[in-house]
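S.K.: Sharing a structure, written as structure tokens. Questions coming.
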Amino acid sequence: FDAFHWHGEAFEPPPGARRIASSEGCPEQGFTLGERVLGLQFHLETTPDAATALIRHCPEDLAAGRWVQDADDMLAEAARFEAANALMTTLLDRVTGKTVVG
């Protein structure tokens, strides 16, 4: 899936955690711990408006680099945000017990 990232930090998962997401640029992208703990290093909640606000208010974070998209590329496809938001809903339903994943 295509997730929105806006971070320069990394983390070590807690003992007993299970990795659920990784990327070449950041090996630790997400983990679960037990049935109700979810940690993510990306932003499934981001909307085009939220991304636009970050771009406008934090331009210094967009220093050119291998893992940094330019603002136009970030905002090019609204469908990416919709898909990420839908995945967030699925994950939150799972964590809250609203959906049982087989």
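Ordering of the structure tokens sets the chain letters (A, B, ...); residue numbers start at 1 within each chain; ligands are numbered from 1 in the order shown.
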Give me the stretch 25-65 of chain A side of the contact with stretch 79-85 of chain A, cut-off 7 Å, one line per residue showing its nearest atom pair and distance in Å at one decimal, counting only C-alpha atoms, sorted by chain and residue number, as JSON lines.
M.R.:
{"residue": "A:Leu44", "atom": "CA", "partner": "A:Ala84", "partner_atom": "CA", "distance": 4.8}
{"residue": "A:Glu45", "atom": "CA", "partner": "A:Asn85", "partner_atom": "CA", "distance": 5.5}
{"residue": "A:Thr46", "atom": "CA", "partner": "A:Phe81", "partner_atom": "CA", "distance": 6.5}
{"residue": "A:Thr47", "atom": "CA", "partner": "A:Phe81", "partner_atom": "CA", "distance": 5.6}
{"residue": "A:Pro48", "atom": "CA", "partner": "A:Phe81", "partner_atom": "CA", "distance": 6.8}
S.K.: What does the file look like for those residues with N, CA and C atoms, as an mmCIF file, in the first residue's frame?
M.R.:
data_model
loop_
_atom_site.group_PDB
_atom_site.id
_atom_site.type_symbol
_atom_site.label_atom_id
_atom_site.label_comp_id
_atom_site.auth_asym_id
_atom_site.auth_seq_id
_atom_site.Cartn_x
_atom_site.Cartn_y
_atom_site.Cartn_z
ATOM 1 N N LEU A 44 -1.807 7.173 7.910
ATOM 2 C CA LEU A 44 -2.971 6.739 7.145
ATOM 3 C C LEU A 44 -4.115 7.736 7.244
ATOM 4 N N GLU A 45 -4.057 8.623 8.225
ATOM 5 C CA GLU A 45 -5.134 9.585 8.456
ATOM 6 C C GLU A 45 -5.030 10.832 7.576
ATOM 7 N N THR A 46 -3.933 10.995 6.872
ATOM 8 C CA THR A 46 -3.694 12.220 6.125
ATOM 9 C C THR A 46 -4.667 12.367 4.958
ATOM 10 N N THR A 47 -5.133 13.564 4.784
ATOM 11 C CA THR A 47 -5.996 13.938 3.665
ATOM 12 C C THR A 47 -5.221 14.912 2.776
ATOM 13 N N PRO A 48 -5.715 15.179 1.578
ATOM 14 C CA PRO A 48 -5.038 16.187 0.753
ATOM 15 C C PRO A 48 -4.930 17.540 1.465
#
S.K.: List the neighbours of stretch 24-35 of chain A out to 8 Å using only C-alpha atoms; skip same-chain residues closer than 6 positions along the sequence, and give me the result as a PDB file with N, CA and C atoms, in the first residue's frame.
M.R.:
ATOM      1  N   ALA A  10      13.207   7.378  13.685  1.00  0.00           N
ATOM      2  CA  ALA A  10      13.017   5.929  13.604  1.00  0.00           C
ATOM      3  C   ALA A  10      12.766   5.424  15.021  1.00  0.00           C
ATOM      4  N   PHE A  11      12.381   4.172  15.147  1.00  0.00           N
ATOM      5  CA  PHE A  11      12.111   3.610  16.466  1.00  0.00           C
ATOM      6  C   PHE A  11      12.499   2.145  16.489  1.00  0.00           C
ATOM      7  N   GLU A  12      12.638   1.618  17.671  1.00  0.00           N
ATOM      8  CA  GLU A  12      12.820   0.194  17.897  1.00  0.00           C
ATOM      9  C   GLU A  12      11.504  -0.325  18.472  1.00  0.00           C
ATOM     10  N   PRO A  13      10.932  -1.363  17.891  1.00  0.00           N
ATOM     11  CA  PRO A  13       9.694  -1.902  18.458  1.00  0.00           C
ATOM     12  C   PRO A  13       9.928  -2.444  19.863  1.00  0.00           C
ATOM     13  N   GLY A  16       8.593  -8.217  22.146  1.00  0.00           N
ATOM     14  CA  GLY A  16       7.378  -8.984  21.914  1.00  0.00           C
ATOM     15  C   GLY A  16       6.508  -8.456  20.794  1.00  0.00           C
ATOM     16  N   ALA A  17       6.887  -7.330  20.199  1.00  0.00           N
ATOM     17  CA  ALA A  17       6.092  -6.749  19.119  1.00  0.00           C
ATOM     18  C   ALA A  17       6.288  -7.542  17.831  1.00  0.00           C
ATOM     19  N   ARG A  18       5.293  -7.472  16.965  1.00  0.00           N
ATOM     20  CA  ARG A  18       5.362  -8.136  15.661  1.00  0.00           C
ATOM     21  C   ARG A  18       5.330  -7.066  14.572  1.00  0.00           C
ATOM     22  N   GLN A  41       4.509   4.276  11.858  1.00  0.00           N
ATOM     23  CA  GLN A  41       5.472   5.336  11.577  1.00  0.00           C
ATOM     24  C   GLN A  41       5.077   6.065  10.287  1.00  0.00           C
ATOM     25  N   PHE A  42       3.841   5.925   9.884  1.00  0.00           N
ATOM     26  CA  PHE A  42       3.333   6.595   8.700  1.00  0.00           C
ATOM     27  C   PHE A  42       1.933   7.093   9.012  1.00  0.00           C
ATOM     28  N   TRP A  67      14.516   9.869  -0.182  1.00  0.00           N
ATOM     29  CA  TRP A  67      13.239   9.433   0.368  1.00  0.00           C
ATOM     30  C   TRP A  67      12.224  10.567   0.490  1.00  0.00           C
ATOM     31  N   VAL A  95      -8.434  -3.249  15.763  1.00  0.00           N
ATOM     32  CA  VAL A  95      -7.890  -2.969  17.096  1.00  0.00           C
ATOM     33  C   VAL A  95      -9.022  -2.797  18.123  1.00  0.00           C
TER      34      VAL A  95
END
S.K.: Quick one: distance from atom CA of A:His7 to atom CA of A:Cys58 in Å, one decimal?
M.R.: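 Atom-to-atom, atom CA of A:His7 and atom CA of A:Cys58 are spaced 11.5 Å apart.
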S.K.: Between A:His43, A:Arg36, A:Ala71, A:Glu60, which one has atoms that come closest to A:Asp93, using only C-alpha atoms?
M.R.: A:Arg36
S.K.: Give the strand (DSSP E or B) residues of chain A, as DSSP finds them on the backbone, and put them as a CSV table (one decimal) with N, CA, C and O atoms, in the first residue's frame.
M.R.:
chain,number,residue,atom,x,y,z
A,4,PHE,N,1.4,7.8,3.5
A,4,PHE,CA,2.0,9.1,3.6
A,4,PHE,C,3.0,9.1,4.7
A,4,PHE,O,2.7,8.6,5.8
A,18,ARG,N,5.3,-7.5,17.0
A,18,ARG,CA,5.4,-8.1,15.7
A,18,ARG,C,5.3,-7.1,14.6
A,18,ARG,O,4.4,-6.2,14.5
A,19,ARG,N,6.4,-7.1,13.7
A,19,ARG,CA,6.4,-6.1,12.6
A,19,ARG,C,5.3,-6.4,11.6
A,19,ARG,O,5.1,-7.5,11.2
A,20,ILE,N,4.6,-5.3,11.2
A,20,ILE,CA,3.5,-5.5,10.3
A,20,ILE,C,3.8,-4.6,9.0
A,20,ILE,O,3.1,-4.8,8.0
A,21,ALA,N,4.8,-3.7,9.1
A,21,ALA,CA,5.1,-2.9,7.9
A,21,ALA,C,6.6,-2.5,7.9
A,21,ALA,O,7.1,-2.2,9.0
A,30,GLY,N,5.8,-0.2,11.2
A,30,GLY,CA,4.6,-0.5,12.0
A,30,GLY,C,4.7,-1.8,12.7
A,30,GLY,O,5.5,-2.7,12.3
A,31,PHE,N,4.0,-1.9,13.9
A,31,PHE,CA,4.1,-3.1,14.7
A,31,PHE,C,2.7,-3.3,15.4
A,31,PHE,O,2.0,-2.3,15.6
A,32,THR,N,2.5,-4.5,15.8
A,32,THR,CA,1.4,-4.8,16.8
A,32,THR,C,2.0,-5.4,18.0
A,32,THR,O,3.1,-6.0,18.0
A,33,LEU,N,1.3,-5.2,19.1
A,33,LEU,CA,1.7,-5.9,20.4
A,33,LEU,C,0.5,-6.4,21.0
A,33,LEU,O,-0.4,-5.6,21.4
A,37,VAL,N,-2.7,-3.2,20.6
A,37,VAL,CA,-1.7,-2.1,20.5
A,37,VAL,C,-1.2,-2.1,19.0
A,37,VAL,O,-0.8,-3.1,18.5
A,38,LEU,N,-1.2,-0.9,18.4
A,38,LEU,CA,-0.8,-0.7,17.1
A,38,LEU,C,0.1,0.5,17.0
A,38,LEU,O,-0.3,1.6,17.5
A,39,GLY,N,1.3,0.4,16.5
A,39,GLY,CA,2.2,1.5,16.3
A,39,GLY,C,2.5,1.7,14.9
A,39,GLY,O,2.9,0.7,14.2
A,40,LEU,N,2.4,2.9,14.4
A,40,LEU,CA,2.7,3.2,13.0
A,40,LEU,C,3.6,4.3,12.8
A,40,LEU,O,3.5,5.3,13.6
A,43,HIS,N,1.3,7.8,8.1
A,43,HIS,CA,0.1,8.6,8.4
A,43,HIS,C,-1.0,8.1,7.5
A,43,HIS,O,-1.2,8.7,6.4
A,65,GLY,N,16.1,14.7,-1.2
A,65,GLY,CA,16.8,13.5,-0.8
A,65,GLY,C,16.1,12.3,-1.4
A,65,GLY,O,15.0,12.4,-2.0
A,68,VAL,N,12.5,11.7,-0.1
A,68,VAL,CA,11.6,12.9,0.0
A,68,VAL,C,11.0,13.2,-1.3
A,68,VAL,O,11.7,13.5,-2.3
S.K.: Determine, counting only C-alpha atoms, which protein, DNA and RNA residues have an atom within 12 Å of an atom of A:Ala63; residues of the same chain fewer than 6 positions away are not included. Present the result as a ChimeraX atom specification.
M.R.: /A:6,8,55,69-71
S.K.: Please save all heavy atoms of the selected residues as a tab-separated table (two decimals), in the first residue's frame.
M.R.:
chain	number	residue	atom	x	y	z
A	6	TRP	N	5.84	11.47	6.90
A	6	TRP	CA	6.37	12.80	7.20
A	6	TRP	C	7.12	12.66	8.52
A	6	TRP	O	6.62	12.98	9.57
A	6	TRP	CB	5.24	13.82	7.33
A	6	TRP	CG	5.74	15.24	7.29
A	6	TRP	CD1	6.36	15.90	8.31
A	6	TRP	CD2	5.66	16.14	6.21
A	6	TRP	NE1	6.68	17.17	7.92
A	6	TRP	CE2	6.25	17.36	6.63
A	6	TRP	CE3	5.15	16.06	4.92
A	6	TRP	CZ2	6.35	18.46	5.80
A	6	TRP	CZ3	5.24	17.17	4.11
A	6	TRP	CH2	5.84	18.35	4.55
A	8	GLY	N	11.38	12.14	10.29
A	8	GLY	CA	12.82	11.98	10.17
A	8	GLY	C	13.36	11.07	11.26
A	8	GLY	O	14.56	10.91	11.41
A	55	ILE	N	2.84	20.87	3.98
A	55	ILE	CA	3.73	21.43	2.96
A	55	ILE	C	3.86	22.94	3.15
A	55	ILE	O	4.96	23.49	3.07
A	55	ILE	CB	3.20	21.08	1.55
A	55	ILE	CG1	3.34	19.57	1.30
A	55	ILE	CG2	3.91	21.90	0.48
A	55	ILE	CD1	2.52	19.05	0.14
A	69	GLN	N	9.67	13.11	-1.40
A	69	GLN	CA	8.96	13.53	-2.60
A	69	GLN	C	8.82	15.05	-2.60
A	69	GLN	O	8.78	15.67	-1.54
A	69	GLN	CB	7.55	12.96	-2.64
A	69	GLN	CG	7.46	11.51	-2.97
A	69	GLN	CD	6.01	11.08	-3.04
A	69	GLN	OE1	5.27	11.24	-2.08
A	69	GLN	NE2	5.60	10.56	-4.17
A	70	ASP	N	8.67	15.62	-3.79
A	70	ASP	CA	8.36	17.04	-3.81
A	70	ASP	C	6.86	17.22	-3.59
A	70	ASP	O	6.07	16.27	-3.67
A	70	ASP	CB	8.86	17.72	-5.09
A	70	ASP	CG	8.13	17.29	-6.34
A	70	ASP	OD1	6.91	17.08	-6.29
A	70	ASP	OD2	8.79	17.18	-7.39
A	71	ALA	N	6.47	18.43	-3.28
A	71	ALA	CA	5.09	18.73	-2.90
A	71	ALA	C	4.10	18.33	-3.98
A	71	ALA	O	3.04	17.75	-3.69
A	71	ALA	CB	4.96	20.20	-2.56
S.K.: Would you mind reading off the distance between atom CA of A:Leu92 and atom CA of A:Phe1, one decimal, in Å?
M.R.: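 Value for the atom CA of A:Leu92-atom CA of A:Phe1 distance: 16.4 Å.
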S.K.: For A:Leu62, which residue out of A:Leu87, A:Ala50, A:Met74, A:Ala3 is the nearest one, using only C-alpha atoms?
M.R.: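 For A:Leu62, the nearest of the candidates is A:Met74.
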S.K.: Could you pull out all residues of chain A with a DSSP call of alpha helix (DSSP H) and give them as number ranges by chain?
M.R.: A: 48-57, 71-75, 78-96
S.K.: Selected residues, N, CA, C and O atoms, written as a CSV table (one decimal), in the first residue's frame, please.
M.R.:
chain,number,residue,atom,x,y,z
A,48,PRO,N,-5.7,15.2,1.6
A,48,PRO,CA,-5.0,16.2,0.8
A,48,PRO,C,-4.9,17.5,1.5
A,48,PRO,O,-3.9,18.2,1.4
A,49,ASP,N,-6.0,17.9,2.2
A,49,ASP,CA,-5.9,19.2,2.9
A,49,ASP,C,-4.8,19.2,4.0
A,49,ASP,O,-4.1,20.2,4.2
A,50,ALA,N,-4.7,18.1,4.7
A,50,ALA,CA,-3.7,18.0,5.8
A,50,ALA,C,-2.3,18.0,5.2
A,50,ALA,O,-1.4,18.6,5.7
A,51,ALA,N,-2.1,17.3,4.1
A,51,ALA,CA,-0.8,17.3,3.4
A,51,ALA,C,-0.4,18.7,2.9
A,51,ALA,O,0.7,19.1,3.1
A,52,THR,N,-1.4,19.4,2.4
A,52,THR,CA,-1.2,20.7,1.9
A,52,THR,C,-0.8,21.6,3.1
A,52,THR,O,0.1,22.4,2.9
A,53,ALA,N,-1.4,21.5,4.2
A,53,ALA,CA,-1.0,22.3,5.4
A,53,ALA,C,0.4,22.0,5.8
A,53,ALA,O,1.1,22.9,6.2
A,54,LEU,N,0.8,20.7,5.9
A,54,LEU,CA,2.2,20.3,6.2
A,54,LEU,C,3.1,21.0,5.2
A,54,LEU,O,4.2,21.5,5.7
A,55,ILE,N,2.8,20.9,4.0
A,55,ILE,CA,3.7,21.4,3.0
A,55,ILE,C,3.9,22.9,3.1
A,55,ILE,O,5.0,23.5,3.1
A,56,ARG,N,2.8,23.6,3.4
A,56,ARG,CA,2.8,25.1,3.6
A,56,ARG,C,3.5,25.5,4.9
A,56,ARG,O,4.3,26.4,4.9
A,57,HIS,N,3.3,24.8,6.0
A,57,HIS,CA,3.8,25.2,7.3
A,57,HIS,C,5.1,24.6,7.6
A,57,HIS,O,5.8,25.1,8.6
A,71,ALA,N,6.5,18.4,-3.3
A,71,ALA,CA,5.1,18.7,-2.9
A,71,ALA,C,4.1,18.3,-4.0
A,71,ALA,O,3.0,17.8,-3.7
A,72,ASP,N,4.4,18.6,-5.2
A,72,ASP,CA,3.5,18.3,-6.3
A,72,ASP,C,3.2,16.8,-6.4
A,72,ASP,O,2.1,16.3,-6.6
A,73,ASP,N,4.3,16.0,-6.2
A,73,ASP,CA,4.1,14.5,-6.3
A,73,ASP,C,3.3,14.0,-5.1
A,73,ASP,O,2.5,13.1,-5.3
A,74,MET,N,3.5,14.6,-4.0
A,74,MET,CA,2.7,14.2,-2.8
A,74,MET,C,1.2,14.4,-3.0
A,74,MET,O,0.4,13.6,-2.6
A,75,LEU,N,0.9,15.4,-3.7
A,75,LEU,CA,-0.6,15.8,-3.9
A,75,LEU,C,-1.1,15.4,-5.2
A,75,LEU,O,-2.3,15.6,-5.5
A,78,ALA,N,-5.2,12.1,-5.4
A,78,ALA,CA,-6.1,12.1,-4.2
A,78,ALA,C,-6.5,10.7,-3.8
A,78,ALA,O,-6.8,10.4,-2.6
A,79,ALA,N,-6.6,9.8,-4.8
A,79,ALA,CA,-7.0,8.4,-4.5
A,79,ALA,C,-6.0,7.7,-3.5
A,79,ALA,O,-6.5,6.8,-2.8
A,80,ARG,N,-4.8,8.1,-3.5
A,80,ARG,CA,-3.8,7.5,-2.5
A,80,ARG,C,-4.3,7.8,-1.1
A,80,ARG,O,-4.2,6.9,-0.2
A,81,PHE,N,-4.8,9.0,-0.8
A,81,PHE,CA,-5.2,9.4,0.5
A,81,PHE,C,-6.5,8.6,0.8
A,81,PHE,O,-6.6,8.1,2.0
A,82,GLU,N,-7.4,8.5,-0.1
A,82,GLU,CA,-8.6,7.7,0.1
A,82,GLU,C,-8.3,6.3,0.5
A,82,GLU,O,-8.9,5.7,1.4
A,83,ALA,N,-7.4,5.6,-0.2
A,83,ALA,CA,-7.0,4.2,0.0
A,83,ALA,C,-6.4,4.1,1.4
A,83,ALA,O,-6.7,3.2,2.1
A,84,ALA,N,-5.5,5.1,1.8
A,84,ALA,CA,-4.9,5.0,3.1
A,84,ALA,C,-5.9,5.2,4.2
A,84,ALA,O,-5.8,4.5,5.2
A,85,ASN,N,-6.8,6.1,4.0
A,85,ASN,CA,-7.9,6.3,5.0
A,85,ASN,C,-8.7,5.1,5.2
A,85,ASN,O,-9.1,4.7,6.3
A,86,ALA,N,-9.0,4.4,4.1
A,86,ALA,CA,-9.8,3.1,4.2
A,86,ALA,C,-9.0,2.1,4.9
A,86,ALA,O,-9.6,1.3,5.8
A,87,LEU,N,-7.7,2.0,4.7
A,87,LEU,CA,-6.9,1.0,5.4
A,87,LEU,C,-6.9,1.4,6.9
A,87,LEU,O,-6.9,0.5,7.8
A,88,MET,N,-6.8,2.7,7.2
A,88,MET,CA,-6.8,3.1,8.6
A,88,MET,C,-8.1,2.7,9.3
A,88,MET,O,-8.1,2.1,10.4
A,89,THR,N,-9.2,2.8,8.6
A,89,THR,CA,-10.5,2.4,9.2
A,89,THR,C,-10.5,0.9,9.5
A,89,THR,O,-10.9,0.4,10.5
A,90,THR,N,-10.0,0.1,8.5
A,90,THR,CA,-9.9,-1.3,8.7
A,90,THR,C,-9.0,-1.7,9.9
A,90,THR,O,-9.4,-2.5,10.8
A,91,LEU,N,-7.8,-1.1,10.0
A,91,LEU,CA,-7.0,-1.3,11.2
A,91,LEU,C,-7.6,-0.9,12.5
A,91,LEU,O,-7.5,-1.7,13.5
A,92,LEU,N,-8.2,0.2,12.5
A,92,LEU,CA,-8.9,0.7,13.8
A,92,LEU,C,-10.0,-0.2,14.2
A,92,LEU,O,-10.3,-0.5,15.3
A,93,ASP,N,-10.8,-0.7,13.2
A,93,ASP,CA,-11.9,-1.6,13.5
A,93,ASP,C,-11.3,-2.9,14.1
A,93,ASP,O,-11.9,-3.4,15.0
A,94,ARG,N,-10.2,-3.4,13.5
A,94,ARG,CA,-9.6,-4.6,14.1
A,94,ARG,C,-9.1,-4.4,15.5
A,94,ARG,O,-9.4,-5.2,16.4
A,95,VAL,N,-8.4,-3.2,15.8
A,95,VAL,CA,-7.9,-3.0,17.1
A,95,VAL,C,-9.0,-2.8,18.1
A,95,VAL,O,-8.9,-3.2,19.3
A,96,THR,N,-10.1,-2.2,17.7
A,96,THR,CA,-11.2,-2.0,18.6
A,96,THR,C,-12.2,-3.1,18.8
A,96,THR,O,-13.1,-3.1,19.6
